[in-house]
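To be precise, the following lines are data35.json, and they hold JSON, C-alpha atoms.
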[["chain", "number", "residue", "atom", "x", "y", "z"],
["A", 1, "MET", "CA", 27.31, -76.37, -28.36],
["A", 2, "GLU", "CA", 30.00, -76.47, -31.05],
["A", 3, "ASP", "CA", 33.61, -77.69, -31.10],
["A", 4, "LYS", "CA", 36.50, -75.70, -32.65],
["A", 5, "ALA", "CA", 35.70, -77.15, -36.12],
["A", 6, "GLY", "CA", 32.16, -75.78, -35.90],
["A", 7, "ARG", "CA", 30.51, -79.19, -35.45],
["A", 8, "VAL", "CA", 27.49, -79.70, -33.20],
["A", 9, "GLN", "CA", 28.49, -81.60, -30.04],
["A", 10, "GLY", "CA", 26.30, -84.08, -28.20],
["A", 11, "GLN", "CA", 24.12, -86.98, -29.29],
["A", 12, "SER", "CA", 20.95, -85.14, -30.21],
["A", 13, "VAL", "CA", 20.63, -82.62, -33.00],
["A", 14, "ARG", "CA", 17.47, -80.56, -32.94],
["A", 15, "ALA", "CA", 16.00, -78.17, -35.42],
["A", 16, "GLY", "CA", 15.80, -74.62, -34.19],
["A", 17, "LYS", "CA", 13.83, -71.58, -35.11],
["A", 18, "TYR", "CA", 16.03, -70.91, -38.14],
["A", 19, "SER", "CA", 17.63, -74.27, -38.92],
["A", 20, "ARG", "CA", 16.50, -77.80, -39.65],
["A", 21, "VAL", "CA", 18.12, -81.19, -39.21],
["A", 22, "GLU", "CA", 19.68, -82.35, -42.47],
["A", 23, "ARG", "CA", 19.27, -86.07, -43.12],
["A", 24, "GLU", "CA", 20.85, -87.45, -46.26],
["A", 25, "ARG", "CA", 22.63, -90.53, -47.51],
["A", 26, "ARG", "CA", 25.27, -90.32, -50.28],
["A", 27, "PHE", "CA", 26.22, -92.93, -52.86],
["A", 28, "LEU", "CA", 28.80, -93.32, -55.61],
["A", 29, "LEU", "CA", 27.58, -94.27, -59.07],
["A", 30, "ALA", "CA", 29.71, -95.69, -61.87],
["A", 31, "ARG", "CA", 28.01, -93.56, -64.54],
["A", 32, "PRO", "CA", 25.49, -90.78, -65.03],
["A", 33, "PRO", "CA", 21.78, -91.70, -64.94],
["A", 34, "GLU", "CA", 19.75, -92.54, -68.03],
["A", 35, "LEU", "CA", 18.22, -89.28, -69.24],
["A", 36, "SER", "CA", 14.81, -90.94, -69.60],
["A", 37, "GLY", "CA", 14.50, -91.03, -65.79],
["A", 38, "VAL", "CA", 15.51, -87.40, -65.20],
["A", 39, "THR", "CA", 12.70, -85.10, -64.02],
["A", 40, "THR", "CA", 14.67, -81.87, -63.47],
["A", 41, "THR", "CA", 18.13, -80.67, -64.49],
["A", 42, "ARG", "CA", 20.09, -77.74, -63.14],
["A", 43, "VAL", "CA", 23.66, -76.47, -63.29],
["A", 44, "ILE", "CA", 24.94, -75.65, -59.82],
["A", 45, "THR", "CA", 27.83, -73.40, -58.91],
["A", 46, "ASP", "CA", 28.75, -73.55, -55.23],
["A", 47, "ARG", "CA", 31.04, -70.97, -53.67],
["A", 48, "TYR", "CA", 32.45, -72.13, -50.32],
["A", 49, "VAL", "CA", 33.31, -68.89, -48.51],
["A", 50, "VAL", "CA", 36.87, -69.12, -47.21],
["A", 51, "GLY", "CA", 37.18, -69.48, -43.42],
["A", 52, "THR", "CA", 33.47, -70.09, -42.83],
["A", 53, "ARG", "CA", 30.77, -72.80, -42.94],
["A", 54, "LEU", "CA", 28.90, -70.77, -45.55],
["A", 55, "ARG", "CA", 28.07, -71.88, -49.08],
["A", 56, "LEU", "CA", 26.73, -69.53, -51.73],
["A", 57, "ARG", "CA", 24.77, -71.45, -54.39],
["A", 58, "ARG", "CA", 23.58, -70.51, -57.86],
["A", 59, "ALA", "CA", 21.32, -73.08, -59.52],
["A", 60, "ASP", "CA", 20.37, -72.48, -63.16],
["A", 61, "PHE", "CA", 17.44, -74.61, -64.34],
["A", 62, "THR", "CA", 16.83, -75.67, -67.93],
["A", 63, "ASP", "CA", 13.52, -73.76, -67.96],
["A", 64, "GLY", "CA", 15.39, -70.47, -67.38],
["A", 65, "ARG", "CA", 14.78, -70.16, -63.63],
["A", 66, "CYS", "CA", 17.67, -69.23, -61.38],
["A", 67, "GLU", "CA", 17.78, -69.97, -57.66],
["A", 68, "LEU", "CA", 20.24, -68.10, -55.44],
["A", 69, "LYS", "CA", 20.79, -68.98, -51.82],
["A", 70, "LEU", "CA", 23.17, -68.78, -48.90],
["A", 71, "THR", "CA", 23.51, -71.93, -46.83],
["A", 72, "GLN", "CA", 25.15, -72.63, -43.50],
["A", 73, "LYS", "CA", 25.84, -76.24, -42.59],
["A", 74, "VAL", "CA", 26.83, -77.13, -39.06],
["A", 75, "PRO", "CA", 28.02, -80.77, -39.13],
["A", 76, "VAL", "CA", 27.46, -83.29, -36.36],
["A", 77, "PRO", "CA", 30.29, -85.71, -35.45],
["A", 78, "GLN", "CA", 28.35, -88.97, -35.62],
["A", 79, "PRO", "CA", 27.87, -91.64, -38.28],
["A", 80, "GLY", "CA", 24.66, -92.05, -40.23],
["A", 81, "ALA", "CA", 22.18, -90.01, -42.19],
["A", 82, "VAL", "CA", 21.95, -87.06, -39.77],
["A", 83, "GLN", "CA", 24.51, -84.68, -41.23],
["A", 84, "GLY", "CA", 23.87, -81.81, -38.83],
["A", 85, "LEU", "CA", 21.95, -78.56, -38.99],
["A", 86, "ILE", "CA", 21.27, -76.60, -42.17],
["A", 87, "THR", "CA", 19.97, -73.07, -42.66],
["A", 88, "ASN", "CA", 19.06, -71.64, -46.08],
["A", 89, "THR", "CA", 18.41, -68.03, -47.02],
["A", 90, "TYR", "CA", 17.10, -67.23, -50.50],
["A", 91, "LEU", "CA", 18.77, -64.22, -52.09],
["A", 92, "SER", "CA", 18.02, -61.54, -54.66],
["A", 93, "PRO", "CA", 20.52, -61.15, -57.52],
["A", 94, "ALA", "CA", 21.94, -58.01, -55.85],
["A", 95, "GLU", "CA", 22.42, -59.83, -52.53],
["A", 96, "TYR", "CA", 24.06, -62.75, -54.34],
["A", 97, "ASP", "CA", 26.46, -60.42, -56.16],
["A", 98, "VAL", "CA", 27.57, -58.80, -52.89],
["A", 99, "LEU", "CA", 28.28, -62.16, -51.26],
["A", 100, "ALA", "CA", 29.92, -63.55, -54.44],
["A", 101, "SER", "CA", 32.63, -60.91, -54.03],
["A", 102, "LEU", "CA", 33.92, -62.73, -50.92],
["A", 103, "PRO", "CA", 36.93, -65.07, -51.33],
["A", 104, "ALA", "CA", 35.65, -68.58, -52.02],
["A", 105, "ALA", "CA", 36.54, -71.97, -53.43],
["A", 106, "VAL", "CA", 34.25, -72.86, -56.35],
["A", 107, "LEU", "CA", 32.68, -76.22, -57.20],
["A", 108, "SER", "CA", 30.58, -76.79, -60.35],
["A", 109, "LYS", "CA", 28.26, -79.67, -61.13],
["A", 110, "CYS", "CA", 25.16, -80.63, -63.03],
["A", 111, "ARG", "CA", 22.38, -82.09, -60.87],
["A", 112, "PHE", "CA", 19.84, -84.48, -62.30],
["A", 113, "SER", "CA", 16.74, -85.25, -60.25],
["A", 114, "VAL", "CA", 16.07, -88.96, -60.65],
["A", 115, "PRO", "CA", 13.63, -89.70, -57.84],
["A", 116, "PRO", "CA", 14.38, -90.67, -55.15],
["A", 117, "LEU", "CA", 17.92, -89.42, -55.87],
["A", 118, "GLY", "CA", 19.61, -86.20, -56.82],
["A", 119, "VAL", "CA", 22.59, -87.18, -58.98],
["A", 120, "ASP", "CA", 25.55, -84.81, -59.32],
["A", 121, "ILE", "CA", 27.89, -84.98, -62.31],
["A", 122, "PHE", "CA", 31.02, -82.98, -61.52],
["A", 123, "GLU", "CA", 33.12, -80.86, -63.84],
["A", 124, "GLY", "CA", 36.75, -79.77, -63.98],
["A", 125, "HIS", "CA", 39.25, -81.66, -61.85],
["A", 126, "LEU", "CA", 36.38, -83.71, -60.35],
["A", 127, "GLN", "CA", 35.23, -84.98, -63.77],
["A", 128, "GLY", "CA", 34.25, -88.63, -63.55],
["A", 129, "LEU", "CA", 32.77, -88.31, -60.06],
["A", 130, "VAL", "CA", 29.08, -89.25, -60.06],
["A", 131, "LEU", "CA", 27.59, -88.76, -56.62],
["A", 132, "ALA", "CA", 23.97, -89.36, -55.66],
["A", 133, "GLU", "CA", 22.15, -88.31, -52.54],
["A", 134, "ALA", "CA", 18.76, -88.99, -51.03],
["A", 135, "GLU", "CA", 17.22, -86.69, -48.43],
["A", 136, "PHE", "CA", 14.84, -87.74, -45.66],
["A", 137, "THR", "CA", 12.42, -86.15, -43.23],
["A", 138, "SER", "CA", 12.89, -88.72, -40.43],
["A", 139, "ASP", "CA", 15.54, -91.04, -39.05],
["A", 140, "LYS", "CA", 13.27, -94.03, -39.68],
["A", 141, "GLU", "CA", 12.85, -93.09, -43.33],
["A", 142, "ALA", "CA", 16.63, -92.71, -43.75],
["A", 143, "GLN", "CA", 17.39, -96.04, -42.09],
["A", 144, "SER", "CA", 14.83, -97.98, -44.13],
["A", 145, "PHE", "CA", 15.91, -96.56, -47.51],
["A", 146, "ALA", "CA", 17.06, -99.23, -49.95],
["A", 147, "PRO", "CA", 19.33, -97.61, -52.54],
["A", 148, "PRO", "CA", 18.73, -98.37, -56.23],
["A", 149, "ALA", "CA", 20.95, -100.96, -57.91],
["A", 150, "GLU", "CA", 22.99, -98.29, -59.75],
["A", 151, "CYS", "CA", 24.45, -97.16, -56.40],
["A", 152, "VAL", "CA", 27.91, -98.75, -56.29],
["A", 153, "ALA", "CA", 28.89, -97.78, -52.75],
["A", 154, "GLU", "CA", 27.47, -95.77, -49.88],
["A", 155, "VAL", "CA", 29.73, -92.88, -48.82],
["A", 156, "THR", "CA", 27.45, -91.20, -46.29],
["A", 157, "ASP", "CA", 30.07, -91.57, -43.55],
["A", 158, "ASP", "CA", 33.04, -90.81, -45.84],
["A", 159, "THR", "CA", 33.48, -87.06, -45.31],
["A", 160, "ARG", "CA", 35.82, -86.89, -48.32],
["A", 161, "PHE", "CA", 32.67, -86.94, -50.49],
["A", 162, "THR", "CA", 31.08, -83.79, -49.06],
["A", 163, "GLY", "CA", 31.08, -80.58, -51.08],
["A", 164, "GLY", "CA", 33.20, -78.76, -48.51],
["A", 165, "GLN", "CA", 35.92, -81.40, -48.89],
["A", 166, "LEU", "CA", 35.60, -82.00, -52.63],
["A", 167, "VAL", "CA", 36.14, -78.32, -53.40],
["A", 168, "ARG", "CA", 39.67, -78.66, -51.91],
["A", 169, "THR", "CA", 40.47, -82.05, -53.45],
["A", 170, "SER", "CA", 43.05, -82.58, -56.18],
["A", 171, "ARG", "CA", 42.44, -84.76, -59.23],
["A", 172, "GLN", "CA", 44.98, -87.31, -57.97],
["A", 173, "GLU", "CA", 43.32, -87.54, -54.56],
["A", 174, "LEU", "CA", 39.90, -88.03, -56.14],
["A", 175, "LEU", "CA", 41.14, -90.83, -58.39],
["A", 176, "ARG", "CA", 42.73, -92.59, -55.39],
["A", 177, "TRP", "CA", 39.51, -92.29, -53.39],
["A", 178, "LEU", "CA", 37.38, -93.63, -56.24],
["A", 179, "ALA", "CA", 39.80, -96.52, -56.77],
["A", 180, "GLU", "CA", 39.25, -97.50, -53.11],
["A", 181, "TYR", "CA", 35.64, -98.14, -54.16],
["A", 182, "GLY", "CA", 36.60, -99.95, -57.38],
["A", 183, "LEU", "CA", 35.75, -97.00, -59.64],
["A", 184, "TYR", "CA", 38.07, -95.86, -62.41],
["A", 185, "PRO", "CA", 36.68, -92.90, -64.39],
["A", 186, "GLU", "CA", 37.59, -92.48, -68.02],
["A", 187, "GLY", "CA", 41.20, -91.33, -68.25],
["A", 188, "SER", "CA", 42.28, -93.27, -65.16],
["A", 189, "GLN", "CA", 43.05, -96.93, -65.11],
["A", 190, "ASP", "CA", 42.53, -99.94, -62.94],
["A", 191, "PRO", "CA", 45.98, -101.01, -61.70],
["A", 192, "ALA", "CA", 44.83, -104.66, -62.13],
["A", 193, "GLU", "CA", 44.72, -104.17, -65.91]]
Mind turning this structure into structure tokens?
Amino acid sequence: MEDKAGRVQGQSVRAGKYSRVERERRFLLARPPELSGVTTTRVITDRYVVGTRLRLRRADFTDGRCELKLTQKVPVPQPGAVQGLITNTYLSPAEYDVLASLPAAVLSKCRFSVPPLGVDIFEGHLQGLVLAEAEFTSDKEAQSFAPPAECVAEVTDDTRFTGGQLVRTSRQELLRWLAEYGLYPEGSQDPAE
């Protein structure tokens, strides 16, 4: 059952025939990762379809591959690594083009795979935001995860740092949020200085 915001209600979230439980933890980093540890790089353009829970994603890999998919995320209103239910559909270029014509808010980032993390470096008005996430297959695995030292703060339960929120965030809001965690990207300043 869902509430008016489209969130799953109740304590248990179960995978269905077409969806799976999404378990992830998110962390802020002060800087991008060292390139020596990066295993895969891709440029991601996310289109959050206005008035829906749908995200259209284009991921361009450095080896020339392109991945196109439509994702629906149904959040769960509880703290912790279980984010809710997620359904992905892989698309052809023609299918992507049809869906890309829908009104959407756009978010661009470069994702570096630095196992066990995926590290996102944001562009545009979100420049300076470095957000890492780790995904898990079980609750136990998520709970026992010890984040690497470069993780400054965990923001798993801070919904401001989800793609659906970040796409609507102003530069000033982002800088205020980062300052709450003691982070001051280049071009902003620590008020203590």
Each range 69-145 of chain A residue no farther than 9 Å from range 22-29 of chain A, nearest pair in Å, all atoms listed in the file, as a tab-separated table:
residue	atom	partner	partner_atom	distance
A:Lys73	CA	A:Glu22	CA	8.7
A:Gly80	CA	A:Arg25	CA	7.7
A:Ala81	CA	A:Arg23	CA	5.0
A:Val82	CA	A:Arg23	CA	4.4
A:Gln83	CA	A:Glu22	CA	5.5
A:Gly84	CA	A:Glu22	CA	5.6
A:Leu85	CA	A:Glu22	CA	5.6
A:Ile86	CA	A:Glu22	CA	6.0
A:Val119	CA	A:Leu29	CA	8.7
A:Leu129	CA	A:Leu28	CA	7.8
A:Val130	CA	A:Leu29	CA	5.3
A:Leu131	CA	A:Leu28	CA	4.8
A:Ala132	CA	A:Phe27	CA	5.1
A:Glu133	CA	A:Arg26	CA	4.3
A:Ala134	CA	A:Glu24	CA	5.4
A:Glu135	CA	A:Glu24	CA	4.3
A:Phe136	CA	A:Arg23	CA	5.4
A:Thr137	CA	A:Arg23	CA	6.9
A:Ser138	CA	A:Arg23	CA	7.4
A:Asp139	CA	A:Arg23	CA	7.4
A:Ala142	CA	A:Arg23	CA	7.2
Item to complete: Figure out the distance between CA of Gln127 in chain A and CA of Val167 in chain A, please, to one decimal in Å.
Response: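 CA of Gln127 in chain A lies 12.4 Å from CA of Val167 in chain A.
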Mind dumping a table of every range 6-80 of chain A residue within 10 Å of range 100-110 of chain A, with the nearest atom pair and its distance in Å to one decimal, using all atoms listed in the file, sorted by chain and rising number, as CSV?
residue,atom,partner,partner_atom,distance
A:Thr41,CA,A:Cys110,CA,7.2
A:Arg42,CA,A:Cys110,CA,5.8
A:Val43,CA,A:Cys110,CA,4.4
A:Ile44,CA,A:Lys109,CA,5.4
A:Thr45,CA,A:Ser108,CA,4.6
A:Asp46,CA,A:Leu107,CA,5.1
A:Arg47,CA,A:Val106,CA,4.6
A:Tyr48,CA,A:Ala104,CA,5.1
A:Val49,CA,A:Ala104,CA,4.2
A:Val50,CA,A:Ala104,CA,5.0
A:Gly51,CA,A:Ala104,CA,8.8
A:Thr52,CA,A:Ala104,CA,9.6
A:Leu54,CA,A:Ala104,CA,9.6
A:Arg55,CA,A:Ala104,CA,8.8
A:Leu56,CA,A:Ala100,CA,7.3
A:Arg57,CA,A:Ala100,CA,9.4
A:Arg58,CA,A:Ser108,CA,9.7
A:Ala59,CA,A:Cys110,CA,9.2
A:Asp60,CA,A:Cys110,CA,9.5
A:Phe61,CA,A:Cys110,CA,9.9
Would you mind exporting C-alpha atoms of the selected residues as a PDB file, in the coordinates of the input?
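Generated output (selection_25.pdb):
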ATOM      1  CA  THR A  41      18.130 -80.670 -64.490  1.00  0.00           C
ATOM      2  CA  ARG A  42      20.090 -77.740 -63.140  1.00  0.00           C
ATOM      3  CA  VAL A  43      23.660 -76.470 -63.290  1.00  0.00           C
ATOM      4  CA  ILE A  44      24.940 -75.650 -59.820  1.00  0.00           C
ATOM      5  CA  THR A  45      27.830 -73.400 -58.910  1.00  0.00           C
ATOM      6  CA  ASP A  46      28.750 -73.550 -55.230  1.00  0.00           C
ATOM      7  CA  ARG A  47      31.040 -70.970 -53.670  1.00  0.00           C
ATOM      8  CA  TYR A  48      32.450 -72.130 -50.320  1.00  0.00           C
ATOM      9  CA  VAL A  49      33.310 -68.890 -48.510  1.00  0.00           C
ATOM     10  CA  VAL A  50      36.870 -69.120 -47.210  1.00  0.00           C
ATOM     11  CA  GLY A  51      37.180 -69.480 -43.420  1.00  0.00           C
ATOM     12  CA  THR A  52      33.470 -70.090 -42.830  1.00  0.00           C
ATOM     13  CA  LEU A  54      28.900 -70.770 -45.550  1.00  0.00           C
ATOM     14  CA  ARG A  55      28.070 -71.880 -49.080  1.00  0.00           C
ATOM     15  CA  LEU A  56      26.730 -69.530 -51.730  1.00  0.00           C
ATOM     16  CA  ARG A  57      24.770 -71.450 -54.390  1.00  0.00           C
ATOM     17  CA  ARG A  58      23.580 -70.510 -57.860  1.00  0.00           C
ATOM     18  CA  ALA A  59      21.320 -73.080 -59.520  1.00  0.00           C
ATOM     19  CA  ASP A  60      20.370 -72.480 -63.160  1.00  0.00           C
ATOM     20  CA  PHE A  61      17.440 -74.610 -64.340  1.00  0.00           C
TER      21      PHE A  61
END
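Our summary of the geometry notes that CA of Tyr90 in chain A is positioned 4.3 Å from CA of Lys69 in chain A.
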Practice prompt. Quote the spacing between CA of Arg160 in chain A and CA of Ile121 in chain A in Å to one decimal place.
Written response: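 We find that CA of Arg160 in chain A and CA of Ile121 in chain A lie 16.2 Å from each other.
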Worksheet item: A:Gly124, A:Pro77, A:Pro147, A:Pro185: which is nearest Ala30 in chain A, counting all atoms listed in the file?
Response: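 Of the candidates, the smallest distance to Ala30 in chain A is held by A:Pro185.
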Practice prompt. Identify which of the residues A:His125, A:Gln143, A:Val76, A:Pro116 lies closest to Leu175 in chain A, counting only C-alpha atoms when measuring atom-to-atom distances.
Written response: A:His125
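Each of A:Leu68, A:Leu117, A:Glu186, A:Phe122 was compared to Thr40 in chain A using all atoms listed in the file, and A:Leu117 turns out to be the nearest.
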Discussion item. Quick one: residues within 12 Å of Glu180 in chain A, only C-alpha atoms, excluding same-chain residues fewer than 3 positions away - as a list in words?
Written reply: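 With the cut-off at 12 Å, the set is Leu28, Val152, Ala153, Val155, Asp158, Glu173, Leu174, Leu175, Arg176, Trp177, Leu183, Tyr184, Asp190 and Pro191 of chain A.
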Set up a box along x, y and z of the file covering all listed atoms of range 77-88 of chain A, add 6 Å on every one of the six sides, and write the centre and edge lengths in Å to one decimal, as AutoDock Vina command-line options.
--center_x 24.7 --center_y -81.8 --center_z -40.8 --size_x 23.2 --size_y 32.4 --size_z 22.6
Fill in: Nearest candidate to Gly164 in chain A (options A:Tyr18, A:Ala94, A:Gln72, A:Gly37; using only C-alpha atoms)
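Using only C-alpha atoms, the shortest distance to Gly164 in chain A belongs to A:Gln72.
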How would range 77-89 of chain A look with N, CA and C atoms restored, written as a compact mmCIF listing (two decimals), in the frame of the given file?
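Writing done, so here's out16.txt:
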# COMPACT_ATOMS: atom_id res chain seq x y z
N PRO A 77 29.28 -84.65 -35.40
CA PRO A 77 30.29 -85.71 -35.45
C PRO A 77 29.74 -87.08 -35.04
N GLN A 78 28.88 -87.64 -35.87
CA GLN A 78 28.35 -88.97 -35.62
C GLN A 78 28.06 -89.63 -36.96
N PRO A 79 28.15 -90.95 -37.02
CA PRO A 79 27.87 -91.64 -38.28
C PRO A 79 26.37 -91.66 -38.58
N GLY A 80 26.05 -91.89 -39.85
CA GLY A 80 24.66 -92.05 -40.23
C GLY A 80 24.12 -90.89 -41.03
N ALA A 81 22.83 -90.95 -41.28
CA ALA A 81 22.18 -90.01 -42.19
C ALA A 81 22.05 -88.59 -41.64
N VAL A 82 22.06 -88.42 -40.32
CA VAL A 82 21.95 -87.06 -39.77
C VAL A 82 23.28 -86.36 -39.98
N GLN A 83 23.28 -85.38 -40.88
CA GLN A 83 24.51 -84.68 -41.23
C GLN A 83 24.77 -83.49 -40.32
N GLY A 84 23.72 -82.97 -39.69
CA GLY A 84 23.87 -81.81 -38.83
C GLY A 84 22.71 -80.86 -39.03
N LEU A 85 22.98 -79.58 -38.84
CA LEU A 85 21.95 -78.56 -38.99
C LEU A 85 22.22 -77.76 -40.27
N ILE A 86 21.14 -77.37 -40.94
CA ILE A 86 21.27 -76.60 -42.17
C ILE A 86 20.30 -75.42 -42.12
N THR A 87 20.79 -74.28 -42.56
CA THR A 87 19.97 -73.07 -42.66
C THR A 87 20.14 -72.51 -44.06
N ASN A 88 19.04 -72.22 -44.74
CA ASN A 88 19.06 -71.64 -46.08
C ASN A 88 18.41 -70.27 -46.07
N THR A 89 18.99 -69.34 -46.81
CA THR A 89 18.41 -68.03 -47.02
C THR A 89 18.40 -67.78 -48.52
